[in-house]
file target_21.cif (mmCIF, C-alpha atoms)
data_structure
loop_
_atom_site.label_atom_id
_atom_site.label_comp_id
_atom_site.auth_asym_id
_atom_site.auth_seq_id
_atom_site.Cartn_x
_atom_site.Cartn_y
_atom_site.Cartn_z
CA MET A 1 4.87 -3.55 15.31
CA THR A 2 7.27 -5.95 13.73
CA GLY A 3 6.79 -9.55 12.73
CA SER A 4 9.78 -10.48 14.89
CA GLY A 5 8.12 -8.67 17.79
CA LEU A 6 5.10 -10.91 17.44
CA THR A 7 7.24 -14.00 17.49
CA ARG A 8 9.07 -12.86 20.61
CA GLY A 9 5.79 -12.00 22.28
CA LEU A 10 4.39 -15.47 21.68
CA ALA A 11 7.59 -17.41 22.23
CA GLY A 12 7.04 -20.90 23.56
CA SER A 13 3.39 -21.13 22.55
CA ASP A 14 1.83 -22.86 19.60
CA ALA A 15 0.84 -19.45 18.34
CA ALA A 16 4.48 -18.41 18.28
CA LYS A 17 5.25 -21.16 15.82
CA SER A 18 2.74 -19.68 13.42
CA SER A 19 3.00 -16.00 14.29
CA SER A 20 1.74 -13.83 11.48
CA CYS A 21 2.55 -10.39 10.26
CA THR A 22 -0.48 -10.57 7.99
CA ALA A 23 -2.04 -7.15 8.28
CA GLY A 24 0.96 -6.19 10.35
CA LEU A 25 -0.74 -7.14 13.55
CA ALA A 26 -2.41 -10.45 14.03
CA PRO A 27 -0.68 -13.60 15.25
CA ARG A 28 -1.91 -16.42 13.06
CA GLY A 29 -2.72 -18.92 15.74
CA THR A 30 -4.25 -16.65 18.37
CA ALA A 31 -7.44 -17.93 19.87
CA GLY A 32 -10.38 -15.73 20.72
CA ALA A 33 -13.98 -14.98 19.97
CA ALA A 34 -14.73 -13.84 16.44
CA ALA A 35 -17.86 -11.98 15.51
CA ALA A 36 -20.31 -13.86 13.35
CA PRO A 37 -20.43 -13.08 9.63
CA ALA A 38 -22.94 -10.49 8.51
CA GLU A 39 -26.52 -11.67 8.25
CA VAL A 40 -27.94 -12.35 4.83
CA GLY A 41 -29.56 -9.22 3.47
CA SER A 42 -27.63 -6.83 5.71
CA PRO A 43 -25.96 -3.79 4.10
CA TRP A 44 -22.62 -5.58 4.40
CA THR A 45 -23.62 -8.50 2.16
CA ASP A 46 -25.22 -6.52 -0.68
CA GLN A 47 -22.26 -4.51 -1.95
CA ALA A 48 -21.51 -5.88 -5.41
CA GLY A 49 -20.25 -2.57 -6.74
CA LEU A 50 -18.04 -1.93 -3.73
CA ARG A 51 -16.68 -5.46 -3.91
CA ALA A 52 -15.78 -5.09 -7.59
CA VAL A 53 -13.85 -1.91 -6.89
CA VAL A 54 -12.04 -3.33 -3.88
CA GLU A 55 -11.12 -6.52 -5.77
CA ALA A 56 -9.45 -4.45 -8.50
CA VAL A 57 -7.13 -2.61 -6.10
CA SER A 58 -3.59 -3.96 -5.93
CA GLU A 59 -3.07 -3.09 -2.25
CA ALA A 60 -4.30 -5.47 0.45
CA ILE A 61 -7.63 -4.07 1.70
CA ALA A 62 -10.08 -5.06 4.42
CA VAL A 63 -13.27 -3.20 5.26
CA ILE A 64 -14.34 -3.28 8.92
CA ASP A 65 -17.61 -2.22 10.50
CA GLU A 66 -18.07 0.08 13.48
CA HIS A 67 -17.21 -2.76 15.87
CA GLY A 68 -13.98 -3.64 14.12
CA VAL A 69 -15.35 -6.77 12.43
CA ILE A 70 -13.94 -7.54 8.98
CA ARG A 71 -16.82 -7.44 6.50
CA LEU A 72 -14.99 -7.42 3.17
CA VAL A 73 -11.51 -8.32 1.95
CA ASN A 74 -10.03 -8.16 -1.53
CA ARG A 75 -7.92 -10.54 -3.58
CA ALA A 76 -4.66 -8.89 -2.53
CA TRP A 77 -5.57 -9.34 1.15
CA ARG A 78 -6.38 -13.02 0.62
CA GLU A 79 -3.15 -13.60 -1.30
CA PHE A 80 -1.09 -11.92 1.41
CA SER A 81 -2.85 -14.01 4.05
CA ILE A 82 -2.01 -17.21 2.17
CA ALA A 83 1.59 -16.11 1.70
CA ASN A 84 1.93 -15.73 5.47
CA GLY A 85 -0.05 -18.80 6.53
CA THR A 86 1.47 -21.78 8.30
CA GLU A 87 -0.03 -24.32 5.92
CA PRO A 88 0.68 -24.34 2.16
CA TRP A 89 -2.07 -22.58 0.20
CA GLN A 90 -4.04 -21.95 3.38
CA PRO A 91 -4.72 -18.43 4.67
CA ALA A 92 -3.36 -17.27 7.99
CA GLN A 93 -5.81 -17.67 10.84
CA ARG A 94 -8.03 -14.80 11.97
CA THR A 95 -7.57 -12.70 8.86
CA GLY A 96 -10.86 -13.40 7.10
CA ILE A 97 -14.40 -12.08 7.05
CA GLY A 98 -16.09 -12.25 10.44
CA THR A 99 -12.91 -11.71 12.45
CA ASN A 100 -12.95 -8.88 14.96
CA TYR A 101 -9.76 -7.03 14.09
CA LEU A 102 -9.78 -5.00 17.29
CA GLN A 103 -9.88 -8.21 19.33
CA VAL A 104 -6.96 -9.57 17.35
CA CYS A 105 -5.01 -6.40 18.12
CA ALA A 106 -5.92 -6.66 21.81
CA GLN A 107 -4.74 -10.26 21.97
CA ALA A 108 -1.52 -9.39 20.16
CA ALA A 109 -0.94 -6.54 22.63
CA ALA A 110 -1.52 -8.95 25.53
CA PHE A 111 1.24 -11.18 24.13
CA GLY A 112 3.57 -8.16 24.06
CA SER A 113 3.52 -7.59 20.32
CA GLU A 114 5.26 -4.32 19.49
CA GLY A 115 2.88 -1.61 18.31
CA ALA A 116 -0.33 -3.63 18.67
CA GLN A 117 -1.76 -1.38 21.39
CA ALA A 118 -1.09 1.75 19.33
CA VAL A 119 -2.69 0.20 16.24
CA MET A 120 -5.78 -0.86 18.20
CA GLN A 121 -6.16 2.62 19.64
CA GLY A 122 -5.58 4.22 16.23
CA ILE A 123 -8.25 2.12 14.53
CA ASP A 124 -10.69 2.78 17.37
CA ALA A 125 -10.03 6.53 17.07
CA VAL A 126 -10.95 6.44 13.37
CA LEU A 127 -14.05 4.33 13.96
CA ASN A 128 -15.27 6.75 16.63
CA SER A 129 -14.38 9.92 14.69
CA ARG A 130 -11.68 11.02 17.10
CA SER A 131 -9.13 10.96 14.29
CA PRO A 132 -9.59 11.46 10.52
CA THR A 133 -6.98 8.80 9.63
CA PHE A 134 -4.40 6.51 11.20
CA SER A 135 -1.08 5.27 9.78
CA HIS A 136 1.44 2.75 11.04
CA SER A 137 4.56 1.23 9.50
CA TYR A 138 5.78 -2.24 10.41
CA VAL A 139 8.29 -4.91 9.44
CA CYS A 140 7.06 -8.25 8.12
CA ASP A 141 9.97 -10.53 7.28
CA THR A 142 10.02 -13.80 5.41
CA ALA A 143 12.68 -16.45 5.92
CA ASP A 144 14.91 -14.88 3.30
CA GLN A 145 13.73 -11.29 2.88
CA ARG A 146 13.20 -8.19 4.97
CA ARG A 147 9.91 -6.49 4.09
CA TRP A 148 8.16 -3.31 5.21
CA PHE A 149 4.48 -2.50 5.03
CA SER A 150 2.42 0.57 5.79
CA LEU A 151 -1.05 0.37 7.34
CA ARG A 152 -3.48 3.20 6.67
CA VAL A 153 -6.96 3.37 8.18
CA THR A 154 -9.58 5.75 6.78
CA PRO A 155 -13.30 6.09 7.56
CA LEU A 156 -15.86 4.82 5.08
CA ASN A 157 -17.61 8.19 4.68
CA SER A 158 -20.49 6.42 2.99
CA GLY A 159 -23.35 6.99 5.40
CA ARG A 160 -22.37 4.14 7.70
CA ARG A 161 -19.71 3.78 10.36
CA GLY A 162 -16.72 1.68 9.55
CA ALA A 163 -13.27 1.99 8.05
CA VAL A 164 -11.04 0.80 5.23
CA MET A 165 -7.70 -0.71 6.22
CA THR A 166 -5.07 -0.62 3.48
CA HIS A 167 -1.74 -2.41 3.72
CA ILE A 168 0.86 -1.26 1.19
CA ASP A 169 4.17 -2.96 0.49
CA VAL A 170 6.78 -0.20 0.92
CA THR A 171 9.81 -2.50 0.83
CA ASP A 172 11.29 -0.89 -2.29
CA VAL A 173 11.02 2.56 -0.71
CA LYS A 174 12.64 1.40 2.53
CA LEU A 175 15.45 -0.38 0.69
CA ALA A 176 16.09 2.76 -1.35
CA GLU A 177 16.20 4.81 1.86
CA GLU A 178 18.67 2.37 3.41
CA ALA A 179 20.84 2.48 0.28
CA ALA A 180 20.78 6.29 0.38
CA ARG A 181 21.82 6.30 4.04
CA ALA A 182 24.64 3.85 3.30
CA MET A 183 25.80 6.02 0.42
CA GLN A 184 25.65 9.09 2.65
CA GLY A 185 27.75 7.28 5.23
CA ARG A 186 30.39 6.40 2.64
CA LEU A 187 30.39 9.99 1.39
CA GLU A 188 30.88 11.31 4.92
CA ALA A 189 33.76 8.91 5.50
CA LEU A 190 35.48 10.00 2.28
CA THR A 191 35.01 13.72 2.77
CA ALA A 192 36.09 13.53 6.41
CA ALA A 193 39.50 12.31 5.23
CA ALA A 194 39.91 15.12 2.70
CA PRO A 195 41.59 18.41 3.70
CA GLY A 196 39.49 21.56 3.81
CA VAL A 197 35.78 21.63 2.96
CA ILE A 198 33.98 19.70 0.24
CA TYR A 199 30.61 21.10 -0.68
CA GLU A 200 27.98 21.14 -3.40
CA PHE A 201 26.87 24.65 -4.22
CA GLN A 202 23.97 25.73 -6.41
CA ARG A 203 23.19 28.99 -8.13
CA THR A 204 19.63 28.96 -9.49
CA VAL A 205 18.56 30.56 -12.76
CA VAL A 206 17.15 33.51 -10.82
CA GLY A 207 20.44 34.04 -9.01
CA ASN A 208 19.70 32.50 -5.60
CA TRP A 209 22.53 30.68 -3.85
CA CYS A 210 22.36 27.62 -1.63
CA PHE A 211 24.42 24.66 -0.45
CA LEU A 212 23.20 21.14 -1.21
CA TYR A 213 25.96 19.42 0.75
CA VAL A 214 28.71 20.58 3.10
CA SER A 215 31.33 18.31 4.65
CA GLU A 216 32.37 18.27 8.30
CA GLY A 217 35.60 20.07 7.36
CA ILE A 218 33.73 23.36 7.55
CA LYS A 219 33.92 23.15 11.33
CA GLU A 220 37.72 23.41 11.38
CA LEU A 221 38.13 25.83 8.49
CA PHE A 222 35.23 28.24 9.07
CA GLU A 223 34.21 27.35 12.64
CA LEU A 224 30.69 26.76 11.33
CA THR A 225 28.51 23.65 11.27
CA PRO A 226 27.29 21.99 8.07
CA GLU A 227 23.75 22.55 9.32
CA ALA A 228 24.27 26.31 9.55
CA ALA A 229 25.61 26.52 6.00
CA LEU A 230 22.81 24.34 4.61
CA ALA A 231 20.17 26.43 6.35
CA ASP A 232 21.59 29.76 5.11
CA HIS A 233 24.45 30.21 2.63
CA ALA A 234 25.04 33.69 4.06
CA SER A 235 26.45 32.17 7.25
CA LEU A 236 29.51 31.17 5.21
CA SER A 237 29.52 34.14 2.84
CA GLU A 238 29.56 36.53 5.79
CA CYS A 239 32.89 35.02 6.86
CA ILE A 240 34.51 36.42 3.70
CA VAL A 241 36.45 39.59 4.40
CA ALA A 242 34.40 42.55 3.18
CA GLU A 243 37.04 43.70 0.68
CA ASP A 244 37.04 40.29 -1.04
CA ARG A 245 33.29 39.74 -1.34
CA ALA A 246 32.83 41.56 -4.66
CA SER A 247 35.53 39.56 -6.45
CA HIS A 248 34.20 36.35 -4.87
CA ARG A 249 30.69 36.97 -6.18
CA ALA A 250 31.99 38.03 -9.60
CA ALA A 251 33.97 34.79 -9.88
CA VAL A 252 30.88 32.71 -9.03
CA GLU A 253 28.74 34.59 -11.53
CA HIS A 254 31.36 34.18 -14.25
CA SER A 255 31.57 30.45 -13.65
CA ALA A 256 27.78 30.12 -13.77
CA ARG A 257 27.51 32.19 -16.92
CA GLU A 258 30.36 30.50 -18.81
CA LEU A 259 29.87 27.02 -17.27
CA THR A 260 33.54 26.84 -16.36
CA PRO A 261 35.23 25.42 -13.24
CA TRP A 262 35.18 27.90 -10.38
CA THR A 263 38.33 28.85 -8.50
CA HIS A 264 38.93 31.86 -6.30
CA GLU A 265 41.33 32.87 -3.56
CA HIS A 266 40.01 35.09 -0.81
CA ARG A 267 40.29 35.83 2.87
CA ILE A 268 37.90 34.73 5.57
CA ARG A 269 37.58 35.61 9.22
CA THR A 270 36.31 32.79 11.41
CA ARG A 271 33.86 33.15 14.27
CA SER A 272 36.75 33.32 16.74
CA GLY A 273 38.42 36.10 14.73
CA LYS A 274 41.12 34.11 12.94
CA LEU A 275 42.12 35.45 9.51
CA LYS A 276 42.70 32.77 6.86
CA TRP A 277 43.37 32.59 3.13
CA VAL A 278 41.25 29.98 1.32
#
call {"tool": "encode", "arguments": {"input": "target_21.cif", "output": "structure tokens"}}
result
Amino acid sequence: MTGSGLTRGLAGSDAAKSSSCTAGLAPRGTAGAAAAPAEVGSPWTDQAGLRAVVEAVSEAIAVIDEHGVIRLVNRAWREFSIANGTEPWQPAQRTGIGTNYLQVCAQAAAFGSEGAQAVMQGIDAVLNSRSPTFSHSYVCDTADQRRWFSLRVTPLNSGRRGAVMTHIDVTDVKLAEEAARAMQGRLEALTAAAPGVIYEFQRTVVGNWCFLYVSEGIKELFELTPEAALADHASLSECIVAEDRASHRAAVEHSARELTPWTHEHRIRTRSGKLKWV
């Protein structure tokens, strides 16, 4: 579910003006019943050791009980809530201890928030042991920055039912992936304009061969797809006329051994039977 999806789902309401991607799910201003905080002396209020560990973790963490009620949050969770609140230095609504997270998800789903239903079902599946874990990625933008977060829900496994929800900022990873895709697109555009085939070929220290990259030009020259060559180098090698294969391999081995540029002229026969010199 995306932050923008929340805003669209609540458009025109007061909640839309303060829609939150805190925790990737909950609209800040959504109304609804919240479970009461844990009673004094309950197992959820006497967890000093657990609290110290959770506070030290850099990822935003909330611990929920078997009903989906938030019983413990760490510093990172509180800071993220404040960063996404509507009032300066005030946390976003319905993100603190005592809030029923499943109810928040249900309300977000009712407003049409993208992914809220799936998240609610995923958390419920973990709480009721139908699934060992649940993960969900979502966008949470600020006014001047696109951000991505990953939600992971895991059971407590500590003798009581409940789960730990961890929200990790994966913006750097996503930006790197986008940059890699953009670079790949530029590479494809350049190689598509070049005659013949451009490829990156690797011979390992144990003598195995493989392609790391093959341009679209292979389709016209060899009548093969880049995918076929990447999956199995033999699909291209088998196109070499049998009488030329020994000299082809010897030239590759010499280049690998001497670390010199590789050049070789040989004949190929395409899938349709055409004979070509390359």
call {"tool": "axis_aligned_box", "arguments": {"input": "target_21.cif", "around": "stretch 236-247 of chain A", "padding_each_side": "3 Å", "output": "lines of an AutoDock Vina configuration file"}}
result
center_x = 33.3
center_y = 37.4
center_z = 0.2
size_x = 13.5
size_y = 18.5
size_z = 19.3
call {"tool": "resolve_selection", "arguments": {"input": "target_21.cif", "expression": "the PyMOL selection byres ((chain A and resi 171-183) around 10)", "output": "list in words"}}
result
Val139, Cys140, Gln145, Arg146, Arg147, Trp148, Phe149, Ser150, Ile168, Asp169, Val170, Gln184, Gly185, Arg186, Leu187, Glu188 and Ala189 of chain A
call {"tool": "closest_residue", "arguments": {"input": "target_21.cif", "among": "A:Met120, A:Leu102, A:Val153, A:Val63", "to": "A:Phe134", "atoms": "all atoms listed in the file"}}
result
A:Val153
call {"tool": "resolve_selection", "arguments": {"input": "target_21.cif", "expression": "the PyMOL selection byres ((chain A and resi 196) around 9)", "output": "ChimeraX atom specification"}}
result
/A:194-195,197-198,215,217-218,220-221,278
call {"tool": "resolve_selection", "arguments": {"input": "target_21.cif", "expression": "the PyMOL selection byres ((chain A and resi 212) around 8)", "output": "PyMOL selection string"}}
result
chain A and resi 199-202+210-211+213-214+230
call {"tool": "atom_distance", "arguments": {"input": "target_21.cif", "atom1": "atom CA of A:Val164", "atom2": "atom CA of A:Ser137"}}
result
16.2 Å
call {"tool": "atom_distance", "arguments": {"input": "target_21.cif", "atom1": "atom CA of A:Glu223", "atom2": "atom CA of A:Gly207"}}
result
26.5 Å
call {"tool": "atom_distance", "arguments": {"input": "target_21.cif", "atom1": "atom CA of A:Thr204", "atom2": "atom CA of A:Arg269"}}
result
26.8 Å
call {"tool": "closest_residue", "arguments": {"input": "target_21.cif", "among": "A:Ala116, A:Ile240, A:Leu50, A:Ala110", "to": "A:Thr270", "atoms": "only C-alpha atoms"}}
result
A:Ile240
call {"tool": "closest_atom_pairs", "arguments": {"input": "target_21.cif", "of": "stretch 152-203 of chain A", "to": "stretch 68-80 of chain A", "cutoff": "10 Å", "atoms": "all atoms listed in the file", "output": "CSV"}}
result
residue,atom,partner,partner_atom,distance
A:Gly162,CA,A:Gly68,CA,7.5
A:Ala163,CA,A:Gly68,CA,8.3
A:Val164,CA,A:Leu72,CA,9.3
A:Met165,CA,A:Val73,CA,9.5
A:Thr166,CA,A:Trp77,CA,9.0
A:His167,CA,A:Trp77,CA,8.3
call {"tool": "closest_residue", "arguments": {"input": "target_21.cif", "among": "A:Thr99, A:Ser58, A:Gln93, A:Asn128", "to": "A:Arg160", "atoms": "only C-alpha atoms"}}
result
A:Asn128
call {"tool": "residues_near_point", "arguments": {"input": "target_21.cif", "point": "(33.8, 35.8, 7.2)", "cutoff": "12 Å", "atoms": "only C-alpha atoms", "output": "ChimeraX atom specification"}}
result
/A:221-224,233-245,266-278
call {"tool": "write_last_selection", "arguments": {"input": "target_21.cif", "atoms": "C-alpha atoms", "output": "mmCIF file, keeping the file's coordinate frame"}}
result
data_model
loop_
_atom_site.group_PDB
_atom_site.id
_atom_site.type_symbol
_atom_site.label_atom_id
_atom_site.label_comp_id
_atom_site.auth_asym_id
_atom_site.auth_seq_id
_atom_site.Cartn_x
_atom_site.Cartn_y
_atom_site.Cartn_z
ATOM 1 C CA LEU A 221 38.130 25.830 8.490
ATOM 2 C CA PHE A 222 35.230 28.240 9.070
ATOM 3 C CA GLU A 223 34.210 27.350 12.640
ATOM 4 C CA LEU A 224 30.690 26.760 11.330
ATOM 5 C CA HIS A 233 24.450 30.210 2.630
ATOM 6 C CA ALA A 234 25.040 33.690 4.060
ATOM 7 C CA SER A 235 26.450 32.170 7.250
ATOM 8 C CA LEU A 236 29.510 31.170 5.210
ATOM 9 C CA SER A 237 29.520 34.140 2.840
ATOM 10 C CA GLU A 238 29.560 36.530 5.790
ATOM 11 C CA CYS A 239 32.890 35.020 6.860
ATOM 12 C CA ILE A 240 34.510 36.420 3.700
ATOM 13 C CA VAL A 241 36.450 39.590 4.400
ATOM 14 C CA ALA A 242 34.400 42.550 3.180
ATOM 15 C CA GLU A 243 37.040 43.700 0.680
ATOM 16 C CA ASP A 244 37.040 40.290 -1.040
ATOM 17 C CA ARG A 245 33.290 39.740 -1.340
ATOM 18 C CA HIS A 266 40.010 35.090 -0.810
ATOM 19 C CA ARG A 267 40.290 35.830 2.870
ATOM 20 C CA ILE A 268 37.900 34.730 5.570
ATOM 21 C CA ARG A 269 37.580 35.610 9.220
ATOM 22 C CA THR A 270 36.310 32.790 11.410
ATOM 23 C CA ARG A 271 33.860 33.150 14.270
ATOM 24 C CA SER A 272 36.750 33.320 16.740
ATOM 25 C CA GLY A 273 38.420 36.100 14.730
ATOM 26 C CA LYS A 274 41.120 34.110 12.940
ATOM 27 C CA LEU A 275 42.120 35.450 9.510
ATOM 28 C CA LYS A 276 42.700 32.770 6.860
ATOM 29 C CA TRP A 277 43.370 32.590 3.130
ATOM 30 C CA VAL A 278 41.250 29.980 1.320
#
call {"tool": "closest_residue", "arguments": {"input": "target_21.cif", "among": "A:Gln121, A:Thr142, A:Thr225, A:Asn208", "to": "A:Glu253", "atoms": "all atoms listed in the file"}}
result
A:Asn208
call {"tool": "closest_residue", "arguments": {"input": "target_21.cif", "among": "A:Val126, A:Val206, A:Ile97, A:Ala106", "to": "A:Ile61", "atoms": "all atoms listed in the file"}}
result
A:Ile97
call {"tool": "closest_residue", "arguments": {"input": "target_21.cif", "among": "A:Arg51, A:Ala60, A:Gly98, A:Lys219", "to": "A:Ser81", "atoms": "all atoms listed in the file"}}
result
A:Ala60
call {"tool": "residues_around", "arguments": {"input": "target_21.cif", "residues": "A:Thr133", "least_positions_apart": "2", "cutoff": "8 Å", "atoms": "all atoms listed in the file", "output": "number ranges by chain"}}
result
A: 126, 131, 135, 152-155
call {"tool": "decode", "arguments": {"input": "target_21.cif", "residues": "stretch 149-159 of chain A", "atoms": "all heavy atoms", "output": "compact mmCIF listing (two decimals), in the first residue's frame"}}
result
# COMPACT_ATOMS: atom_id res chain seq x y z
N PHE A 149 9.55 1.55 2.14
CA PHE A 149 9.74 0.82 3.38
C PHE A 149 9.28 -0.63 3.20
O PHE A 149 8.47 -0.93 2.31
CB PHE A 149 8.95 1.47 4.53
CG PHE A 149 9.52 2.78 4.98
CD1 PHE A 149 9.22 3.94 4.29
CD2 PHE A 149 10.38 2.85 6.07
CE1 PHE A 149 9.76 5.16 4.67
CE2 PHE A 149 10.91 4.07 6.47
CZ PHE A 149 10.60 5.22 5.76
N SER A 150 9.81 -1.48 4.03
CA SER A 150 9.45 -2.89 4.00
C SER A 150 8.93 -3.29 5.38
O SER A 150 9.61 -3.07 6.39
CB SER A 150 10.67 -3.75 3.63
OG SER A 150 10.34 -5.13 3.66
N LEU A 151 7.73 -3.84 5.41
CA LEU A 151 7.13 -4.34 6.65
C LEU A 151 7.38 -5.84 6.74
O LEU A 151 7.16 -6.57 5.77
CB LEU A 151 5.63 -4.08 6.65
CG LEU A 151 4.78 -4.87 7.65
CD1 LEU A 151 5.10 -4.44 9.08
CD2 LEU A 151 3.30 -4.71 7.34
N ARG A 152 7.83 -6.27 7.89
CA ARG A 152 8.01 -7.71 8.14
C ARG A 152 7.38 -8.04 9.48
O ARG A 152 7.64 -7.37 10.48
CB ARG A 152 9.49 -8.10 8.13
CG ARG A 152 9.70 -9.60 8.32
CD ARG A 152 11.16 -9.98 8.11
NE ARG A 152 11.41 -11.39 8.35
CZ ARG A 152 11.19 -12.36 7.46
NH1 ARG A 152 10.71 -12.06 6.28
NH2 ARG A 152 11.46 -13.61 7.76
N VAL A 153 6.54 -9.07 9.48
CA VAL A 153 5.84 -9.50 10.69
C VAL A 153 6.30 -10.91 11.03
O VAL A 153 6.24 -11.81 10.19
CB VAL A 153 4.31 -9.48 10.48
CG1 VAL A 153 3.60 -9.85 11.77
CG2 VAL A 153 3.85 -8.10 9.99
N THR A 154 6.76 -11.09 12.26
CA THR A 154 7.22 -12.40 12.73
C THR A 154 6.60 -12.70 14.09
O THR A 154 6.37 -11.79 14.88
CB THR A 154 8.75 -12.45 12.85
OG1 THR A 154 9.18 -11.38 13.70
CG2 THR A 154 9.42 -12.30 11.49
N PRO A 155 6.30 -13.96 14.38
CA PRO A 155 5.71 -14.30 15.68
C PRO A 155 6.70 -14.11 16.81
O PRO A 155 7.92 -14.14 16.61
CB PRO A 155 5.33 -15.78 15.51
CG PRO A 155 6.25 -16.29 14.45
CD PRO A 155 6.49 -15.14 13.52
N LEU A 156 6.17 -13.91 18.01
CA LEU A 156 7.03 -13.68 19.17
C LEU A 156 7.86 -14.90 19.52
O LEU A 156 9.03 -14.80 19.89
CB LEU A 156 6.18 -13.28 20.38
CG LEU A 156 5.69 -11.84 20.42
CD1 LEU A 156 4.78 -11.62 21.63
CD2 LEU A 156 6.87 -10.88 20.49
N ASN A 157 7.26 -16.09 19.45
CA ASN A 157 7.98 -17.33 19.80
C ASN A 157 8.58 -17.24 21.20
O ASN A 157 9.71 -17.63 21.45
CB ASN A 157 9.09 -17.62 18.78
CG ASN A 157 8.54 -17.96 17.42
OD1 ASN A 157 7.47 -18.53 17.32
ND2 ASN A 157 9.27 -17.61 16.38
N SER A 158 7.82 -16.69 22.11
CA SER A 158 8.34 -16.53 23.47
C SER A 158 7.36 -17.07 24.51
O SER A 158 7.35 -16.63 25.65
CB SER A 158 8.61 -15.05 23.76
OG SER A 158 7.41 -14.29 23.61
N GLY A 159 6.53 -18.02 24.12
CA GLY A 159 5.60 -18.60 25.06
C GLY A 159 4.27 -17.88 25.11
O GLY A 159 3.38 -18.28 25.84
